[in-house]
Amino acid sequence: MRRSVLFQVFLLLLLSAHTYSQSNVTITGRVTDASTGEPIPFANVSVKGSLSGTTTDFEGHYQLQVKSPADSLTVTYVGYTTRSKPIALSQVKQTIDFQLSPDVFQLQEVRIYAGENPAHAIIRKVVANQKKNNTDNLDAFQYESYNKIQIDIDNISEKFRKSRAVGKITHIVEQYDQIKGEDGQTIIPIFISESVSDVYFRNNPRKKKEIIQKTKVTGVGLTDGSLVSQVVGSTFQQYNFYSNWLNLLEKDFVSPISESWKVFYEYYLADSVYNGTNWDYQIEFEPKHKQDLAFSGTMWIEGTSFALTQMDANVDKSANLNFIEKIKIQQSYELHDDDSTWLPAKTRVLIDVAEISNQSAGMLLKFYTANRNYLLHTPQPLKFYDTTIELSEEYREHDNSYWEKNRPEVLSESEKLSYALVDSIKSLPVIHTYTEVLNIAVNGYKKLDRWNIDLGPYLYLYTNNNIEGHRIRVGFRTDPGFSRKWVLNGYGAYGTRDQRFKYGGGIDYILSRKPWTVAGASYRYDLEQLGISRELLGSNYLFEAFARFGTYRRGYLQNETNLYIRREVVKGLTQQISLRQRSFDPLFPFVYRTAPDMGMDSPLRSKFEVTELTFETRLARQELFLQNDNERISMGNGNSPAFTLRYTAGIKGFLDGDFTYHKIAFNVRQSFRTGILGRTNYDLTLGYIPSTLPYPLLYTPLGNQSIFYVGSAFNLMNYFEFISDRYATLFLEHNFQGFILNRIPAIRKLKWRMLATGKVFYGGVRDSNLSLTPQVDNAGNPIETFKSFGDVPYVEVGYGIDNIFKVGRIDAIHRLTFRDSPNVSRFGVKVSFWFNL
């Protein structure tokens, strides 16, 4: 009897042990966003009704050991709906993937009965340790960087699927439907890139350089060209939350750990998490005002150094942005070998662009960066940083084995299919047609691949004015397929009223790409107007085109020949020398005294020619340039000022020059953040002409008699209203970027942005230059003269609203001085339009 009982007990223990071993289940899986397909890091995965759980890594993966009794897994994450799925305990190893749908993020209510919010004490310590934890304050560092960019079309409605263009790629859409997952939405990839680069940084002086080793680019309407290869590198994928402001989409977003944190954010101390070496504080945050350019999300703070270890920051469609549904920035940091510095390891950015109409689709922009092999405190020689972005000689030469070795993560099935789908889409004729139309709309030129030239720009194709009548112009330029060294351009124009043929052409030769050195020559015979010269207009091609409409008040014909050479001596310092010869043939009443010492008896003349030599030096230390085949494109100078010094010498007797003269001008311009109040731009110019010259050769500020607001012009000043031989101009514009209007309940949903402007011009004309122009010509006909300054400057101030219907701006402008001059406006309202985020 006793043996029988013992045997039954032993058998029961064996069965229990067998049952226990069968209940140990290993579950792996991935948590992704159902609408974008992107992984969700830092999500909580738990066993329902148990204390067992884990969190997903930066790629959204998790692994969990489950013991019975357990029936389901639950995934939770702030900003997403909670999701549960059953566990099959009969399977020892199984995979359970989750696709979460975005939900409205909102902090839970926090009540503090005594003392301050505990999260505030932590944030205060984070801000106090900013300088110590910010990698930009290290003396030097370098690392290897892998970058991946993918652009997808999403929010594909049935109407969009049935449209003519999409109908051609229905079979491709169906392919992607097969891998989207049970809860995912269909997306169509149109661009994918990968790059591997080496990044170098030093702090004193502050320099940065990226050498792009390899790139792999495939996209609809794009090629693996040098410009695209530079853009897809690491330089444009930097997000430093230790900075007070993050510049994203050319907008300034306030960091949740900025010095102004208490003005913009609410915080909640949610939890503490073990990071492997210490405990992190988990803090949730959201903007105090939803319309502000601020983030909501979660961050993890290391409890000893108060450094960031993880960041998940979001911007939703409530923010003062146009066409943007969502922005998500996720970042993880790793502790360096010195055990004191947390360095950015992985960054993922998602930008969800909304569909413009019900018949269109939206767009997803996805950026991924992984940094490794950091080396600290090893600065390179200063000359090494002369080129900010550099492509290695063999950046296009690579194979599949190279990418398999250098990718931090293996491509998912959807990413592998994306490469094949992009190649299939871009080969379709309908896509080629749409791409060509878009290229014409953006660049203004029609490409003729057979001849390696572009026809245009179409902006100048037709104008109408009182001198030429109907003016038709046709132009061209060569593309890189024509030559990698030579760039040719030309145009011809004809006026039906004056029946004159105008023309021009130019040739540039690229002497060196490193450092950038180019020389060129051009010739131009055309109708011009005093006070609207190309020197004043700069690159405002739209205003130049519209200025050719209407009445030419002081038009003249000009022959102009120009020779120049430009070279970037060192990074940020560019020098140019040019020789220009031009003629002045007025089409309005004009004469000048050729011998001013003779007074009234001086011979009069109406035409003249000048030959001038110009030396120009430009210093912009933080300006970033990209080389786009045969041209160089400026990407801005950050928050730093740019200085330009120009000296011009007129040479009498050389190439028929009629005058000897000197001109000197200095310009400084800058755009910078003004704390919480917005962004300020200023442009200051000082000039002096110590020579005696006919007034067309003196300085004329740019006026504006159109209904459109022009940033580089005095908008209530008439064309050629003032002239000067010594002058100072100051342009100021401050954009509050919604800081004020976001706080007014009645109008904050309109997402308007308030701005203020001020423009000042002060100058004068010496008596010698005034006396050079008589009141009448030899026949007694009156001569058009000009207005000189007294001791009062010209001043206009304005205020306006930007972002009206997402594309419009209205400025109300007051003219404060010279208000009683004839035919002037004391007050005006100007409009302007552009695509605005």
# chains A, B, ... in the order shown; residues from 1 in each chain; ligands from 1
>>> residues_around(residues="Leu530 of chain A", least_positions_apart="3", cutoff="7 Å", atoms="only C-alpha atoms", output="PyMOL selection string")
chain A and resi 533+554-555+720
>>> residues_around(residues="Asp423 of chain A", least_positions_apart="6", cutoff="10 Å", atoms="only C-alpha atoms", output="PyMOL selection string")
chain A and resi 189-191+218-220
>>> residues_around(residues="Phe264 of chain A", least_positions_apart="4", cutoff="7 Å", atoms="only C-alpha atoms", output="list of chain:residue names")
A:Ser260, A:Pro287, A:Lys288
>>> write_last_selection(atoms="all heavy atoms", output="tab-separated table (two decimals), in the first residue's frame")
chain	number	residue	atom	x	y	z
A	260	SER	N	13.98	77.27	-22.15
A	260	SER	CA	12.62	77.82	-22.04
A	260	SER	C	11.59	76.73	-21.79
A	260	SER	O	10.42	76.89	-22.11
A	260	SER	CB	12.27	78.58	-23.33
A	260	SER	OG	13.22	79.58	-23.62
A	287	PRO	N	3.05	69.99	-25.25
A	287	PRO	CA	3.05	71.46	-25.28
A	287	PRO	C	1.93	72.04	-24.43
A	287	PRO	O	0.85	71.48	-24.32
A	287	PRO	CB	2.81	71.78	-26.77
A	287	PRO	CG	3.08	70.51	-27.51
A	287	PRO	CD	2.76	69.41	-26.57
A	288	LYS	N	2.20	73.20	-23.83
A	288	LYS	CA	1.15	73.92	-23.12
A	288	LYS	C	0.12	74.47	-24.10
A	288	LYS	O	-1.06	74.57	-23.78
A	288	LYS	CB	1.76	75.06	-22.29
A	288	LYS	CG	2.50	74.60	-21.05
A	288	LYS	CD	2.93	75.79	-20.20
A	288	LYS	CE	3.56	75.32	-18.90
A	288	LYS	NZ	3.99	76.46	-18.04
>>> closest_residue(among="A:Ile651, A:Leu269, A:Ala140, A:Leu448", to="Pro379 of chain A", atoms="only C-alpha atoms")
A:Ala140
>>> closest_residue(among="A:Phe789, A:Phe714, A:Ala270, A:Trp834", to="Arg815 of chain A", atoms="only C-alpha atoms")
A:Phe714
>>> residues_around(residues="Phe761 of chain A", least_positions_apart="3", cutoff="8 Å", atoms="only C-alpha atoms", output="PDB file with C-alpha atoms, in the first residue's frame")
ATOM      1  CA  PRO A 701      17.512 101.887 -54.088  1.00  0.00           C
ATOM      2  CA  TYR A 727      24.137 105.555 -48.548  1.00  0.00           C
ATOM      3  CA  ALA A 728      23.086 103.139 -45.833  1.00  0.00           C
ATOM      4  CA  THR A 729      20.183 100.711 -46.072  1.00  0.00           C
ATOM      5  CA  LEU A 730      18.746  98.536 -43.327  1.00  0.00           C
ATOM      6  CA  PRO A 793      16.057 109.205 -44.034  1.00  0.00           C
ATOM      7  CA  TYR A 794      13.401 107.336 -45.940  1.00  0.00           C
ATOM      8  CA  VAL A 795      11.560 105.082 -43.477  1.00  0.00           C
TER       9      VAL A 795
END
>>> select_by_dssp(residues="segment 306-479 of chain A", states="strand (DSSP E or B)", output="NGL selection string")
:A and (308-316 or 324-335 or 342-353 or 362-376 or 389-391 or 446-448 or 453-455 or 462-465 or 469-478)
>>> closest_residue(among="A:Glu286, A:Lys216, A:Ser197, A:Leu511", to="Asn373 of chain A", atoms="only C-alpha atoms")
A:Ser197
>>> closest_residue(among="A:Gly703, A:Val45, A:Glu266, A:Leu350", to="Asp33 of chain A", atoms="only C-alpha atoms")
A:Leu350
>>> residues_around(residues="Thr785 of chain A", least_positions_apart="3", cutoff="12 Å", atoms="only C-alpha atoms", output="PyMOL selection string")
chain A and resi 554+588-592+694-696+720-723+769-777+782+788
>>> atom_distance(atom1="atom CA of Gln331 of chain A", atom2="atom CA of Gly638 of chain A")
23.2 Å
>>> residues_around(residues="Val25 of chain A", least_positions_apart="3", cutoff="7 Å", atoms="only C-alpha atoms", output="list in words")
Gln65, Val66, Lys67, Leu89, Gln91, Val92 and Lys93 of chain A
>>> write_last_selection(atoms="C-alpha atoms", output="short mmCIF file (atom, residue, chain, number, x, y, z; two decimals), in the first residue's frame")
data_model
loop_
_atom_site.label_atom_id
_atom_site.label_comp_id
_atom_site.auth_asym_id
_atom_site.auth_seq_id
_atom_site.Cartn_x
_atom_site.Cartn_y
_atom_site.Cartn_z
CA GLN A 65 9.63 34.10 -21.82
CA VAL A 66 6.05 33.20 -20.86
CA LYS A 67 5.00 30.77 -18.16
CA LEU A 89 0.82 27.69 -25.20
CA GLN A 91 3.86 26.12 -29.32
CA VAL A 92 7.18 26.33 -27.46
CA LYS A 93 8.46 29.03 -29.85
#
>>> residues_around(residues="segment 389-404 of chain A", least_positions_apart="6", cutoff="6 Å", atoms="only C-alpha atoms", output="NGL selection string")
:A and (209-215)
>>> write_last_selection(atoms="N, CA, C and O atoms", output="JSON list (two decimals), in the first residue's frame")
[["chain", "number", "residue", "atom", "x", "y", "z"],
["A", 209, "LYS", "N", 32.80, 67.94, -41.06],
["A", 209, "LYS", "CA", 32.99, 67.41, -42.40],
["A", 209, "LYS", "C", 32.42, 66.00, -42.48],
["A", 209, "LYS", "O", 32.52, 65.22, -41.52],
["A", 210, "GLU", "N", 31.83, 65.70, -43.63],
["A", 210, "GLU", "CA", 31.32, 64.36, -43.90],
["A", 210, "GLU", "C", 31.91, 63.86, -45.21],
["A", 210, "GLU", "O", 31.83, 64.54, -46.24],
["A", 211, "ILE", "N", 32.53, 62.70, -45.17],
["A", 211, "ILE", "CA", 33.02, 62.03, -46.38],
["A", 211, "ILE", "C", 32.09, 60.87, -46.67],
["A", 211, "ILE", "O", 32.05, 59.89, -45.92],
["A", 212, "ILE", "N", 31.32, 60.99, -47.73],
["A", 212, "ILE", "CA", 30.35, 59.95, -48.09],
["A", 212, "ILE", "C", 31.09, 58.87, -48.88],
["A", 212, "ILE", "O", 31.56, 59.10, -49.99],
["A", 213, "GLN", "N", 31.16, 57.68, -48.30],
["A", 213, "GLN", "CA", 31.94, 56.61, -48.91],
["A", 213, "GLN", "C", 31.15, 55.88, -49.99],
["A", 213, "GLN", "O", 31.67, 55.61, -51.08],
["A", 214, "LYS", "N", 29.89, 55.56, -49.69],
["A", 214, "LYS", "CA", 29.07, 54.81, -50.66],
["A", 214, "LYS", "C", 27.63, 55.32, -50.60],
["A", 214, "LYS", "O", 27.13, 55.68, -49.53],
["A", 215, "THR", "N", 26.98, 55.32, -51.74],
["A", 215, "THR", "CA", 25.55, 55.63, -51.79],
["A", 215, "THR", "C", 24.86, 54.65, -52.73],
["A", 215, "THR", "O", 25.45, 54.18, -53.71]]
>>> closest_residue(among="A:Ser145, A:Ser712, A:Asn836, A:Asn628", to="Asn681 of chain A", atoms="only C-alpha atoms")
A:Ser712
>>> atom_distance(atom1="atom CA of Pro690 of chain A", atom2="atom CA of Thr817 of chain A")
26.6 Å
>>> select_by_dssp(residues="segment 243-486 of chain A", states="alpha helix (DSSP H)", output="VMD selection string")
chain A and resid 261 to 264 400 to 406 413 to 426 429 to 443
>>> write_last_selection(atoms="N, CA and C atoms", output="short mmCIF file (atom, residue, chain, number, x, y, z; two decimals), in the first residue's frame")
data_model
loop_
_atom_site.label_atom_id
_atom_site.label_comp_id
_atom_site.auth_asym_id
_atom_site.auth_seq_id
_atom_site.Cartn_x
_atom_site.Cartn_y
_atom_site.Cartn_z
N TRP A 261 12.01 75.61 -21.21
CA TRP A 261 11.14 74.45 -21.07
C TRP A 261 9.85 74.75 -20.32
N LYS A 262 9.94 75.60 -19.29
CA LYS A 262 8.76 75.85 -18.46
C LYS A 262 7.73 76.72 -19.16
N VAL A 263 8.16 77.46 -20.19
CA VAL A 263 7.24 78.31 -20.94
C VAL A 263 6.39 77.48 -21.90
N PHE A 264 6.95 76.42 -22.43
CA PHE A 264 6.30 75.71 -23.53
C PHE A 264 5.69 74.36 -23.15
N ASN A 400 26.06 44.05 -53.53
CA ASN A 400 25.17 43.65 -52.45
C ASN A 400 25.91 43.23 -51.19
N SER A 401 27.07 42.60 -51.37
CA SER A 401 27.81 42.14 -50.19
C SER A 401 28.29 43.31 -49.34
N TYR A 402 28.57 44.44 -49.98
CA TYR A 402 28.99 45.62 -49.21
C TYR A 402 27.87 46.08 -48.29
N TRP A 403 26.66 46.16 -48.82
CA TRP A 403 25.54 46.65 -48.00
C TRP A 403 25.15 45.64 -46.93
N GLU A 404 25.24 44.35 -47.23
CA GLU A 404 24.94 43.35 -46.21
C GLU A 404 25.90 43.45 -45.03
N LYS A 405 27.12 43.86 -45.32
CA LYS A 405 28.14 43.98 -44.28
C LYS A 405 27.97 45.27 -43.47
N ASN A 406 27.53 46.34 -44.11
CA ASN A 406 27.52 47.66 -43.47
C ASN A 406 26.16 48.09 -42.94
N GLU A 413 11.36 42.17 -45.18
CA GLU A 413 10.77 41.73 -46.44
C GLU A 413 10.14 42.89 -47.20
N SER A 414 9.49 43.79 -46.46
CA SER A 414 8.86 44.94 -47.13
C SER A 414 9.90 45.86 -47.74
N GLU A 415 11.06 46.01 -47.07
CA GLU A 415 12.11 46.88 -47.60
C GLU A 415 12.75 46.26 -48.84
N LYS A 416 12.92 44.94 -48.84
CA LYS A 416 13.45 44.28 -50.04
C LYS A 416 12.50 44.45 -51.22
N LEU A 417 11.22 44.29 -50.96
CA LEU A 417 10.24 44.44 -52.03
C LEU A 417 10.18 45.90 -52.50
N SER A 418 10.43 46.82 -51.59
CA SER A 418 10.36 48.23 -51.95
C SER A 418 11.35 48.58 -53.05
N TYR A 419 12.57 48.05 -52.98
CA TYR A 419 13.55 48.30 -54.03
C TYR A 419 13.03 47.85 -55.39
N ALA A 420 12.45 46.63 -55.41
CA ALA A 420 11.94 46.10 -56.68
C ALA A 420 10.76 46.92 -57.19
N LEU A 421 9.91 47.38 -56.26
CA LEU A 421 8.73 48.13 -56.67
C LEU A 421 9.10 49.50 -57.23
N VAL A 422 10.07 50.16 -56.61
CA VAL A 422 10.50 51.47 -57.11
C VAL A 422 11.02 51.34 -58.53
N ASP A 423 11.83 50.31 -58.79
CA ASP A 423 12.34 50.11 -60.15
C ASP A 423 11.21 49.86 -61.14
N SER A 424 10.17 49.14 -60.70
CA SER A 424 9.04 48.87 -61.58
C SER A 424 8.23 50.12 -61.86
N ILE A 425 8.03 50.95 -60.82
CA ILE A 425 7.21 52.15 -60.98
C ILE A 425 7.88 53.16 -61.88
N LYS A 426 9.17 53.42 -61.66
CA LYS A 426 9.83 54.50 -62.41
C LYS A 426 10.02 54.16 -63.88
N PRO A 429 5.76 54.48 -68.45
CA PRO A 429 5.68 55.72 -69.24
C PRO A 429 4.87 56.82 -68.57
N VAL A 430 3.75 56.46 -67.91
CA VAL A 430 2.92 57.48 -67.29
C VAL A 430 3.66 58.18 -66.16
N ILE A 431 4.49 57.45 -65.43
CA ILE A 431 5.28 58.06 -64.36
C ILE A 431 6.33 58.99 -64.95
N HIS A 432 6.93 58.59 -66.04
CA HIS A 432 7.92 59.44 -66.71
C HIS A 432 7.29 60.76 -67.14
N THR A 433 6.05 60.70 -67.65
CA THR A 433 5.36 61.92 -68.09
C THR A 433 5.08 62.85 -66.93
N TYR A 434 4.55 62.30 -65.84
CA TYR A 434 4.25 63.13 -64.67
C TYR A 434 5.53 63.73 -64.09
N THR A 435 6.61 62.98 -64.08
CA THR A 435 7.88 63.49 -63.56
C THR A 435 8.39 64.64 -64.41
N GLU A 436 8.25 64.52 -65.72
CA GLU A 436 8.72 65.57 -66.62
C GLU A 436 7.91 66.85 -66.43
N VAL A 437 6.59 66.72 -66.28
CA VAL A 437 5.75 67.90 -66.06
C VAL A 437 6.13 68.57 -64.75
N LEU A 438 6.36 67.79 -63.71
CA LEU A 438 6.74 68.35 -62.41
C LEU A 438 8.09 69.05 -62.50
N ASN A 439 9.02 68.49 -63.24
CA ASN A 439 10.34 69.10 -63.38
C ASN A 439 10.24 70.46 -64.07
N ILE A 440 9.38 70.56 -65.08
CA ILE A 440 9.18 71.84 -65.77
C ILE A 440 8.58 72.87 -64.82
N ALA A 441 7.61 72.44 -64.01
CA ALA A 441 6.95 73.36 -63.09
C ALA A 441 7.91 73.88 -62.03
N VAL A 442 8.82 73.03 -61.55
CA VAL A 442 9.73 73.42 -60.47
C VAL A 442 10.92 74.20 -61.00
N ASN A 443 11.55 73.69 -62.05
CA ASN A 443 12.80 74.28 -62.55
C ASN A 443 12.59 75.29 -63.66
#
>>> atom_distance(atom1="atom CA of Phe608 of chain A", atom2="atom CA of Asp585 of chain A")
7.3 Å
>>> closest_residue(among="A:Asp526, A:Asp312, A:Asp683, A:Asp629", to="Gly79 of chain A", atoms="only C-alpha atoms")
A:Asp312
